[in-house]
Amino acid sequence: MKEMGIQEKKPALLNERTLLLKPYLAQKWGLTEALIIQQICFLSKVYQYQGVHLEAARASYTRLQKHLSFFTRRWLIKKTKKLESEGVIQVTRTKRVNLIGLTDSTRTYMTEQEEISATKMIVFPSLVQKVGLSAAVLMQQVHLRTYELDENKGVIMSVKRWSEGVCPFFSASTVQRVLAELKKKN
């Protein structure tokens, strides 16, 4: 395939359960919030509560933390309350467990954005625990774009292109900071 100029698909950086990250969600609400929204979508089912049908995730903060193990329960509570106060999600508190769902406006926004760009990124929980969320996202994107050049592996791309094209939810200064931190860690 290389002879024809076609590059084969690269394997993932790690072999484990992954989380999906939609860049447009991270750009609008933040990286952490985007992952919470994605997990709510992943866990959602239709429930009947007090005679009303709700499409929601039946999840305690502890259960949500099991899916997003690199965040503390306290951090998830803080971010979930922020999303609720901004009208992104709605939380129905029951006696035993919360029903967390997306608001109609969030669903509409996501549907519109999916028509424009269905780009998804993968996030490895174990990598996030080792290097942090921003670094893990950037490392996976570097891995996907790495090619061999004179027996060395690398990516030639400006910080501006990283922040505007590949990871539009990062500012150029964030990309520079994360790359410098990764370089220090070797």
# chains A, B, ... in the order shown; residues from 1 in each chain; ligands from 1
>>> select_by_dssp(residues="range 27-94 of chain A", states="strand (DSSP E or B)", output="number ranges by chain")
A: 45-49, 52-58, 89-93
>>> residues_around(residues="Val131 in chain A", least_positions_apart="4", cutoff="10 Å", atoms="only C-alpha atoms", output="MDAnalysis selection string")
chainID A and resid 126:127 135:137 139 178 181:182 185
>>> closest_atom_pairs(of="range 105-149 of chain A", to="range 54-77 of chain A", cutoff="7 Å", atoms="only C-alpha atoms", output="tab-separated table")
residue	atom	partner	partner_atom	distance
A:Pro125	CA	A:Phe70	CA	6.5
A:Val128	CA	A:Phe70	CA	6.5
A:Gln129	CA	A:Phe70	CA	5.4
>>> residues_around(residues="Arg161 in chain A", least_positions_apart="6", cutoff="9 Å", atoms="only C-alpha atoms", output="JSON, numbers by chain")
{"A": [167, 168, 172]}
>>> closest_residue(among="A:Leu102, A:Thr80, A:Ser163, A:Val97", to="Phe42 in chain A", atoms="only C-alpha atoms")
A:Leu102
>>> residues_around(residues="range 111-124 of chain A", least_positions_apart="6", cutoff="12 Å", atoms="only C-alpha atoms", output="tab-separated table (two decimals) with all heavy atoms, in the first residue's frame")
chain	number	residue	atom	x	y	z
A	12	ALA	N	-4.22	2.11	17.41
A	12	ALA	CA	-4.36	3.06	18.50
A	12	ALA	C	-3.10	3.07	19.35
A	12	ALA	O	-2.31	2.12	19.34
A	12	ALA	CB	-5.57	2.69	19.36
A	13	LEU	N	-2.92	4.14	20.08
A	13	LEU	CA	-1.75	4.30	20.92
A	13	LEU	C	-1.70	3.22	22.00
A	13	LEU	O	-0.64	2.70	22.32
A	13	LEU	CB	-1.79	5.69	21.57
A	13	LEU	CG	-0.58	6.21	22.29
A	13	LEU	CD1	0.63	6.24	21.37
A	13	LEU	CD2	-0.84	7.61	22.82
A	14	LEU	N	-2.83	2.87	22.57
A	14	LEU	CA	-2.93	1.84	23.60
A	14	LEU	C	-4.06	0.88	23.23
A	14	LEU	O	-4.93	1.20	22.43
A	14	LEU	CB	-3.22	2.47	24.96
A	14	LEU	CG	-2.17	3.43	25.51
A	14	LEU	CD1	-2.70	4.13	26.74
A	14	LEU	CD2	-0.89	2.70	25.84
A	15	ASN	N	-4.06	-0.27	23.87
A	15	ASN	CA	-5.12	-1.24	23.63
A	15	ASN	C	-5.96	-1.35	24.89
A	15	ASN	O	-5.66	-2.14	25.78
A	15	ASN	CB	-4.51	-2.59	23.24
A	15	ASN	CG	-5.57	-3.58	22.85
A	15	ASN	OD1	-6.70	-3.21	22.56
A	15	ASN	ND2	-5.22	-4.85	22.86
A	16	GLU	N	-6.99	-0.53	25.01
A	16	GLU	CA	-7.87	-0.54	26.17
A	16	GLU	C	-9.20	0.11	25.80
A	16	GLU	O	-9.35	0.64	24.71
A	16	GLU	CB	-7.23	0.21	27.35
A	16	GLU	CG	-7.12	1.71	27.10
A	16	GLU	CD	-6.68	2.49	28.33
A	16	GLU	OE1	-7.52	2.69	29.23
A	16	GLU	OE2	-5.52	2.90	28.37
A	17	ARG	N	-10.12	0.07	26.74
A	17	ARG	CA	-11.41	0.73	26.55
A	17	ARG	C	-11.15	2.22	26.37
A	17	ARG	O	-10.34	2.81	27.09
A	17	ARG	CB	-12.30	0.48	27.79
A	17	ARG	CG	-13.63	1.17	27.75
A	17	ARG	CD	-14.38	1.00	29.07
A	17	ARG	NE	-13.72	1.66	30.17
A	17	ARG	CZ	-13.88	2.95	30.50
A	17	ARG	NH1	-14.68	3.71	29.80
A	17	ARG	NH2	-13.25	3.46	31.53
A	18	THR	N	-11.81	2.81	25.41
A	18	THR	CA	-11.59	4.23	25.15
A	18	THR	C	-12.87	5.03	25.39
A	18	THR	O	-13.97	4.48	25.44
A	18	THR	CB	-11.14	4.46	23.69
A	18	THR	OG1	-12.16	3.97	22.82
A	18	THR	CG2	-9.83	3.79	23.40
A	19	LEU	N	-12.69	6.32	25.49
A	19	LEU	CA	-13.80	7.26	25.58
A	19	LEU	C	-13.78	8.09	24.31
A	19	LEU	O	-12.72	8.35	23.75
A	19	LEU	CB	-13.62	8.18	26.79
A	19	LEU	CG	-13.55	7.50	28.15
A	19	LEU	CD1	-13.11	8.50	29.21
A	19	LEU	CD2	-14.89	6.91	28.51
A	20	LEU	N	-14.96	8.51	23.86
A	20	LEU	CA	-15.03	9.37	22.69
A	20	LEU	C	-15.09	10.83	23.12
A	20	LEU	O	-15.73	11.17	24.10
A	20	LEU	CB	-16.27	9.06	21.86
A	20	LEU	CG	-16.23	7.79	21.04
A	20	LEU	CD1	-17.53	7.64	20.26
A	20	LEU	CD2	-15.06	7.78	20.08
A	21	LEU	N	-14.42	11.65	22.36
A	21	LEU	CA	-14.44	13.08	22.58
A	21	LEU	C	-14.85	13.75	21.27
A	21	LEU	O	-14.24	13.50	20.23
A	21	LEU	CB	-13.05	13.58	23.00
A	21	LEU	CG	-12.85	15.09	23.06
A	21	LEU	CD1	-13.72	15.69	24.17
A	21	LEU	CD2	-11.39	15.42	23.28
A	22	LYS	N	-15.89	14.54	21.33
A	22	LYS	CA	-16.31	15.30	20.15
A	22	LYS	C	-15.75	16.71	20.28
A	22	LYS	O	-16.11	17.45	21.20
A	22	LYS	CB	-17.83	15.31	20.04
A	22	LYS	CG	-18.39	13.92	19.79
A	22	LYS	CD	-19.88	13.95	19.57
A	22	LYS	CE	-20.36	12.53	19.29
A	22	LYS	NZ	-21.80	12.50	19.09
A	23	PRO	N	-14.85	17.08	19.37
A	23	PRO	CA	-14.19	18.39	19.47
A	23	PRO	C	-15.14	19.58	19.58
A	23	PRO	O	-14.86	20.52	20.32
A	23	PRO	CB	-13.36	18.46	18.18
A	23	PRO	CG	-13.07	17.04	17.85
A	23	PRO	CD	-14.32	16.30	18.25
A	24	TYR	N	-16.27	19.54	18.88
A	24	TYR	CA	-17.18	20.69	18.95
A	24	TYR	C	-17.77	20.87	20.35
A	24	TYR	O	-18.05	21.99	20.77
A	24	TYR	CB	-18.28	20.61	17.88
A	24	TYR	CG	-19.29	19.49	18.05
A	24	TYR	CD1	-20.39	19.65	18.88
A	24	TYR	CD2	-19.15	18.29	17.39
A	24	TYR	CE1	-21.31	18.63	19.05
A	24	TYR	CE2	-20.06	17.27	17.54
A	24	TYR	CZ	-21.15	17.45	18.38
A	24	TYR	OH	-22.06	16.44	18.54
A	25	LEU	N	-17.94	19.78	21.11
A	25	LEU	CA	-18.41	19.89	22.49
A	25	LEU	C	-17.32	20.51	23.36
A	25	LEU	O	-17.60	21.36	24.20
A	25	LEU	CB	-18.80	18.52	23.05
A	25	LEU	CG	-20.02	17.83	22.45
A	25	LEU	CD1	-20.21	16.45	23.05
A	25	LEU	CD2	-21.27	18.67	22.67
A	26	ALA	N	-16.08	20.08	23.18
A	26	ALA	CA	-14.96	20.62	23.95
A	26	ALA	C	-14.75	22.10	23.64
A	26	ALA	O	-14.42	22.89	24.52
A	26	ALA	CB	-13.69	19.83	23.67
A	27	GLN	N	-14.95	22.46	22.39
A	27	GLN	CA	-14.77	23.85	21.98
A	27	GLN	C	-15.83	24.75	22.63
A	27	GLN	O	-15.55	25.86	23.02
A	27	GLN	CB	-14.84	23.95	20.46
A	27	GLN	CG	-14.24	25.19	19.91
A	27	GLN	CD	-14.06	25.10	18.39
A	27	GLN	OE1	-14.43	24.12	17.75
A	27	GLN	NE2	-13.50	26.13	17.82
A	28	LYS	N	-17.04	24.24	22.75
A	28	LYS	CA	-18.14	25.04	23.30
A	28	LYS	C	-18.15	25.06	24.83
A	28	LYS	O	-18.35	26.11	25.44
A	28	LYS	CB	-19.48	24.54	22.77
A	28	LYS	CG	-20.67	25.39	23.22
A	28	LYS	CD	-21.88	25.13	22.38
A	28	LYS	CE	-23.08	25.90	22.85
A	28	LYS	NZ	-23.13	27.26	22.33
A	31	LEU	N	-13.09	20.73	27.82
A	31	LEU	CA	-12.67	19.34	27.64
A	31	LEU	C	-13.34	18.40	28.64
A	31	LEU	O	-13.90	17.38	28.27
A	31	LEU	CB	-11.15	19.29	27.76
A	31	LEU	CG	-10.38	18.18	27.10
A	31	LEU	CD1	-10.78	17.98	25.65
A	31	LEU	CD2	-8.90	18.43	27.21
A	32	THR	N	-13.27	18.74	29.92
A	32	THR	CA	-13.90	17.92	30.95
A	32	THR	C	-15.39	17.80	30.72
A	32	THR	O	-15.97	16.70	30.76
A	32	THR	CB	-13.65	18.53	32.35
A	32	THR	OG1	-12.25	18.63	32.57
A	32	THR	CG2	-14.30	17.72	33.44
A	34	ALA	N	-17.07	18.18	28.00
A	34	ALA	CA	-17.37	17.40	26.79
A	34	ALA	C	-17.37	15.90	27.09
A	34	ALA	O	-18.24	15.16	26.62
A	34	ALA	CB	-16.37	17.71	25.69
A	35	LEU	N	-16.42	15.46	27.89
A	35	LEU	CA	-16.37	14.03	28.24
A	35	LEU	C	-17.57	13.64	29.12
A	35	LEU	O	-18.12	12.55	28.97
A	35	LEU	CB	-15.06	13.70	28.95
A	35	LEU	CG	-13.84	13.62	28.04
A	35	LEU	CD1	-12.57	13.41	28.86
A	35	LEU	CD2	-13.99	12.52	27.00
A	38	GLN	N	-20.54	13.38	26.79
A	38	GLN	CA	-20.43	12.14	26.00
A	38	GLN	C	-20.81	10.92	26.83
A	38	GLN	O	-21.47	10.01	26.34
A	38	GLN	CB	-19.01	11.98	25.47
A	38	GLN	CG	-18.76	12.70	24.18
A	38	GLN	CD	-19.68	12.23	23.07
A	38	GLN	OE1	-20.47	13.01	22.57
A	38	GLN	NE2	-19.61	10.98	22.71
A	67	HIS	N	-16.81	5.50	35.21
A	67	HIS	CA	-16.60	5.62	33.76
A	67	HIS	C	-15.53	6.66	33.43
A	67	HIS	O	-14.87	6.57	32.39
A	67	HIS	CB	-17.91	6.00	33.07
A	67	HIS	CG	-18.90	4.88	33.04
A	67	HIS	ND1	-18.96	3.98	32.02
A	67	HIS	CD2	-19.84	4.50	33.94
A	67	HIS	CE1	-19.91	3.10	32.26
A	67	HIS	NE2	-20.46	3.39	33.43
A	68	LEU	N	-15.39	7.64	34.28
A	68	LEU	CA	-14.40	8.70	34.09
A	68	LEU	C	-13.45	8.68	35.28
A	68	LEU	O	-13.35	9.63	36.05
A	68	LEU	CB	-15.10	10.06	33.95
A	68	LEU	CG	-16.08	10.19	32.79
A	68	LEU	CD1	-16.94	11.44	32.92
A	68	LEU	CD2	-15.36	10.18	31.46
A	69	SER	N	-12.75	7.58	35.43
A	69	SER	CA	-11.97	7.29	36.63
A	69	SER	C	-10.82	8.26	36.89
A	69	SER	O	-10.30	8.31	38.00
A	69	SER	CB	-11.44	5.86	36.58
A	69	SER	OG	-10.64	5.69	35.42
A	70	PHE	N	-10.43	9.02	35.92
A	70	PHE	CA	-9.33	9.96	36.10
A	70	PHE	C	-9.79	11.27	36.72
A	70	PHE	O	-8.98	12.13	37.04
A	70	PHE	CB	-8.61	10.23	34.77
A	70	PHE	CG	-9.53	10.39	33.61
A	70	PHE	CD1	-10.10	11.61	33.31
A	70	PHE	CD2	-9.85	9.30	32.82
A	70	PHE	CE1	-10.96	11.75	32.24
A	70	PHE	CE2	-10.70	9.43	31.74
A	70	PHE	CZ	-11.26	10.66	31.45
A	104	ASP	N	-33.12	19.87	25.79
A	104	ASP	CA	-33.52	19.88	24.38
A	104	ASP	C	-32.59	20.77	23.54
A	104	ASP	O	-32.24	20.43	22.41
A	104	ASP	CB	-34.97	20.34	24.23
A	104	ASP	CG	-35.97	19.33	24.76
A	104	ASP	OD1	-35.61	18.13	24.86
A	104	ASP	OD2	-37.12	19.72	25.06
A	105	SER	N	-32.19	21.91	24.11
A	105	SER	CA	-31.31	22.82	23.36
A	105	SER	C	-29.95	22.17	23.11
A	105	SER	O	-29.35	22.36	22.04
A	105	SER	CB	-31.15	24.15	24.08
A	105	SER	OG	-30.56	23.97	25.35
A	130	LYS	N	-1.94	9.08	33.70
A	130	LYS	CA	-0.48	9.23	33.74
A	130	LYS	C	0.00	10.63	33.39
A	130	LYS	O	0.92	11.15	34.00
A	130	LYS	CB	0.18	8.22	32.81
A	130	LYS	CG	0.10	6.81	33.33
A	130	LYS	CD	0.74	5.83	32.38
A	130	LYS	CE	0.56	4.43	32.94
A	130	LYS	NZ	0.86	3.38	32.01
A	131	VAL	N	-0.62	11.24	32.36
A	131	VAL	CA	-0.08	12.52	31.86
A	131	VAL	C	-1.08	13.68	31.92
A	131	VAL	O	-0.71	14.80	31.63
A	131	VAL	CB	0.46	12.38	30.41
A	131	VAL	CG1	1.60	11.40	30.35
A	131	VAL	CG2	-0.65	12.02	29.44
A	132	GLY	N	-2.32	13.42	32.26
A	132	GLY	CA	-3.33	14.48	32.29
A	132	GLY	C	-4.17	14.47	31.03
A	132	GLY	O	-3.76	13.93	29.99
A	133	LEU	N	-5.35	15.06	31.11
A	133	LEU	CA	-6.31	15.02	30.01
A	133	LEU	C	-5.80	15.73	28.75
A	133	LEU	O	-5.82	15.16	27.66
A	133	LEU	CB	-7.65	15.60	30.46
A	133	LEU	CG	-8.78	15.60	29.44
A	133	LEU	CD1	-9.06	14.20	28.90
A	133	LEU	CD2	-10.05	16.19	30.05
A	134	SER	N	-5.36	16.94	28.89
A	134	SER	CA	-4.89	17.70	27.72
A	134	SER	C	-3.73	17.00	27.03
A	134	SER	O	-3.71	16.86	25.80
A	134	SER	CB	-4.47	19.11	28.12
A	134	SER	OG	-5.56	19.82	28.64
A	135	ALA	N	-2.78	16.53	27.81
A	135	ALA	CA	-1.62	15.85	27.24
A	135	ALA	C	-2.01	14.54	26.57
A	135	ALA	O	-1.49	14.20	25.50
A	135	ALA	CB	-0.58	15.59	28.33
A	136	ALA	N	-2.94	13.81	27.17
A	136	ALA	CA	-3.38	12.53	26.58
A	136	ALA	C	-4.05	12.75	25.23
A	136	ALA	O	-3.80	12.01	24.27
A	136	ALA	CB	-4.32	11.81	27.53
A	137	VAL	N	-4.89	13.77	25.15
A	137	VAL	CA	-5.57	14.07	23.88
A	137	VAL	C	-4.53	14.47	22.83
A	137	VAL	O	-4.56	13.97	21.70
A	137	VAL	CB	-6.62	15.20	24.07
A	137	VAL	CG1	-7.13	15.70	22.73
A	137	VAL	CG2	-7.77	14.70	24.93
A	138	LEU	N	-3.61	15.32	23.19
A	138	LEU	CA	-2.59	15.78	22.25
A	138	LEU	C	-1.66	14.63	21.84
A	138	LEU	O	-1.32	14.49	20.66
A	138	LEU	CB	-1.78	16.92	22.87
A	138	LEU	CG	-1.11	17.87	21.91
A	138	LEU	CD1	-2.08	18.47	20.91
A	138	LEU	CD2	-0.41	18.98	22.66
A	139	MET	N	-1.27	13.77	22.78
A	139	MET	CA	-0.39	12.64	22.44
A	139	MET	C	-1.05	11.70	21.43
A	139	MET	O	-0.39	11.23	20.52
A	139	MET	CB	-0.05	11.85	23.71
A	139	MET	CG	1.04	12.48	24.54
A	139	MET	SD	1.39	11.54	26.04
A	139	MET	CE	2.19	10.10	25.34
A	140	GLN	N	-2.33	11.44	21.60
A	140	GLN	CA	-3.03	10.55	20.66
A	140	GLN	C	-3.07	11.19	19.27
A	140	GLN	O	-2.87	10.51	18.26
A	140	GLN	CB	-4.45	10.24	21.15
A	140	GLN	CG	-5.27	9.41	20.20
A	140	GLN	CD	-4.70	8.03	19.91
A	140	GLN	OE1	-3.90	7.50	20.66
A	140	GLN	NE2	-5.11	7.43	18.82
A	141	GLN	N	-3.27	12.49	19.20
A	141	GLN	CA	-3.32	13.17	17.91
A	141	GLN	C	-1.93	13.20	17.26
A	141	GLN	O	-1.80	13.04	16.05
A	141	GLN	CB	-3.89	14.58	18.06
A	141	GLN	CG	-5.35	14.59	18.49
A	141	GLN	CD	-6.22	13.72	17.62
A	141	GLN	OE1	-6.25	13.85	16.40
A	141	GLN	NE2	-6.93	12.79	18.24
A	142	VAL	N	-0.89	13.37	18.06
A	142	VAL	CA	0.48	13.30	17.53
A	142	VAL	C	0.75	11.91	16.99
A	142	VAL	O	1.28	11.74	15.89
A	142	VAL	CB	1.52	13.68	18.62
A	142	VAL	CG1	2.93	13.33	18.17
A	142	VAL	CG2	1.43	15.16	18.95
A	143	HIS	N	0.35	10.90	17.76
A	143	HIS	CA	0.55	9.50	17.34
A	143	HIS	C	-0.11	9.24	15.98
A	143	HIS	O	0.49	8.61	15.11
A	143	HIS	CB	-0.02	8.55	18.39
A	143	HIS	CG	-0.08	7.13	17.94
A	143	HIS	ND1	1.04	6.34	17.83
A	143	HIS	CD2	-1.13	6.36	17.56
A	143	HIS	CE1	0.69	5.13	17.40
A	143	HIS	NE2	-0.61	5.12	17.22
A	144	LEU	N	-1.32	9.74	15.80
A	144	LEU	CA	-2.04	9.50	14.55
A	144	LEU	C	-1.39	10.20	13.36
A	144	LEU	O	-1.55	9.78	12.23
A	144	LEU	CB	-3.50	9.96	14.67
A	144	LEU	CG	-4.36	9.14	15.62
A	144	LEU	CD1	-5.72	9.79	15.80
A	144	LEU	CD2	-4.51	7.72	15.12
A	165	GLY	N	-6.64	23.73	13.83
A	165	GLY	CA	-7.15	22.64	13.00
A	165	GLY	C	-7.38	21.34	13.72
A	165	GLY	O	-8.49	20.82	13.76
A	166	VAL	N	-6.34	20.82	14.34
A	166	VAL	CA	-6.42	19.49	14.95
A	166	VAL	C	-7.19	19.51	16.26
A	166	VAL	O	-8.07	18.70	16.50
A	166	VAL	CB	-5.01	18.90	15.17
A	166	VAL	CG1	-5.08	17.54	15.83
A	166	VAL	CG2	-4.26	18.82	13.84
A	167	CYS	N	-6.85	20.44	17.13
A	167	CYS	CA	-7.48	20.56	18.45
A	167	CYS	C	-8.01	21.97	18.65
A	167	CYS	O	-7.42	22.77	19.40
A	167	CYS	CB	-6.48	20.21	19.55
A	167	CYS	SG	-5.82	18.54	19.47
A	168	PRO	N	-9.11	22.33	18.00
A	168	PRO	CA	-9.59	23.70	18.06
A	168	PRO	C	-10.06	24.15	19.44
A	168	PRO	O	-10.29	25.34	19.66
A	168	PRO	CB	-10.74	23.71	17.05
A	168	PRO	CG	-11.19	22.29	16.97
A	168	PRO	CD	-9.96	21.47	17.20
>>> closest_residue(among="A:Glu164, A:Lys45, A:Thr103, A:Glu84", to="Glu33 in chain A", atoms="only C-alpha atoms")
A:Glu84
>>> select_by_dssp(residues="chain A", states="helix (DSSP H, G or I)", output="ChimeraX atom specification")
/A:2-4,23-29,31-43,61-67,73-85,104-116,125-131,133-145,159-166,172-185
>>> atom_distance(atom1="CA of Gln90 in chain A", atom2="CA of Gly30 in chain A")
17.8 Å
>>> decode(residues="range 67-84 of chain A", atoms="N, CA and C atoms", output="PDB file, in the first residue's frame")
ATOM      1  N   HIS A  67     -16.806   5.505  35.205  1.00  0.00           N
ATOM      2  CA  HIS A  67     -16.598   5.621  33.761  1.00  0.00           C
ATOM      3  C   HIS A  67     -15.526   6.661  33.428  1.00  0.00           C
ATOM      4  N   LEU A  68     -15.389   7.641  34.283  1.00  0.00           N
ATOM      5  CA  LEU A  68     -14.397   8.700  34.086  1.00  0.00           C
ATOM      6  C   LEU A  68     -13.449   8.675  35.282  1.00  0.00           C
ATOM      7  N   SER A  69     -12.751   7.578  35.428  1.00  0.00           N
ATOM      8  CA  SER A  69     -11.970   7.293  36.635  1.00  0.00           C
ATOM      9  C   SER A  69     -10.821   8.259  36.893  1.00  0.00           C
ATOM     10  N   PHE A  70     -10.430   9.025  35.917  1.00  0.00           N
ATOM     11  CA  PHE A  70      -9.328   9.956  36.104  1.00  0.00           C
ATOM     12  C   PHE A  70      -9.788  11.269  36.724  1.00  0.00           C
ATOM     13  N   PHE A  71     -11.108  11.430  36.927  1.00  0.00           N
ATOM     14  CA  PHE A  71     -11.650  12.594  37.629  1.00  0.00           C
ATOM     15  C   PHE A  71     -12.086  12.168  39.024  1.00  0.00           C
ATOM     16  N   THR A  72     -11.951  13.061  39.986  1.00  0.00           N
ATOM     17  CA  THR A  72     -12.450  12.759  41.326  1.00  0.00           C
ATOM     18  C   THR A  72     -13.970  12.944  41.335  1.00  0.00           C
ATOM     19  N   ARG A  73     -14.612  12.283  42.273  1.00  0.00           N
ATOM     20  CA  ARG A  73     -16.074  12.404  42.409  1.00  0.00           C
ATOM     21  C   ARG A  73     -16.451  13.874  42.654  1.00  0.00           C
ATOM     22  N   ARG A  74     -15.688  14.535  43.523  1.00  0.00           N
ATOM     23  CA  ARG A  74     -15.961  15.946  43.841  1.00  0.00           C
ATOM     24  C   ARG A  74     -15.876  16.830  42.590  1.00  0.00           C
ATOM     25  N   TRP A  75     -14.874  16.571  41.723  1.00  0.00           N
ATOM     26  CA  TRP A  75     -14.702  17.339  40.479  1.00  0.00           C
ATOM     27  C   TRP A  75     -15.892  17.106  39.548  1.00  0.00           C
ATOM     28  N   LEU A  76     -16.340  15.850  39.453  1.00  0.00           N
ATOM     29  CA  LEU A  76     -17.496  15.531  38.603  1.00  0.00           C
ATOM     30  C   LEU A  76     -18.760  16.225  39.114  1.00  0.00           C
ATOM     31  N   ILE A  77     -18.941  16.266  40.416  1.00  0.00           N
ATOM     32  CA  ILE A  77     -20.104  16.958  40.990  1.00  0.00           C
ATOM     33  C   ILE A  77     -20.045  18.437  40.621  1.00  0.00           C
ATOM     34  N   LYS A  78     -18.888  19.048  40.786  1.00  0.00           N
ATOM     35  CA  LYS A  78     -18.712  20.474  40.467  1.00  0.00           C
ATOM     36  C   LYS A  78     -19.017  20.750  38.991  1.00  0.00           C
ATOM     37  N   LYS A  79     -18.441  19.936  38.099  1.00  0.00           N
ATOM     38  CA  LYS A  79     -18.637  20.146  36.665  1.00  0.00           C
ATOM     39  C   LYS A  79     -20.072  19.841  36.235  1.00  0.00           C
ATOM     40  N   THR A  80     -20.685  18.824  36.832  1.00  0.00           N
ATOM     41  CA  THR A  80     -22.069  18.488  36.508  1.00  0.00           C
ATOM     42  C   THR A  80     -23.003  19.618  36.939  1.00  0.00           C
ATOM     43  N   LYS A  81     -22.765  20.167  38.119  1.00  0.00           N
ATOM     44  CA  LYS A  81     -23.581  21.302  38.589  1.00  0.00           C
ATOM     45  C   LYS A  81     -23.397  22.515  37.687  1.00  0.00           C
ATOM     46  N   LYS A  82     -22.172  22.719  37.218  1.00  0.00           N
ATOM     47  CA  LYS A  82     -21.911  23.833  36.282  1.00  0.00           C
ATOM     48  C   LYS A  82     -22.701  23.629  34.996  1.00  0.00           C
ATOM     49  N   LEU A  83     -22.651  22.413  34.439  1.00  0.00           N
ATOM     50  CA  LEU A  83     -23.408  22.126  33.213  1.00  0.00           C
ATOM     51  C   LEU A  83     -24.913  22.285  33.443  1.00  0.00           C
ATOM     52  N   GLU A  84     -25.375  21.889  34.606  1.00  0.00           N
ATOM     53  CA  GLU A  84     -26.802  22.032  34.919  1.00  0.00           C
ATOM     54  C   GLU A  84     -27.180  23.510  35.030  1.00  0.00           C
TER      55      GLU A  84
END
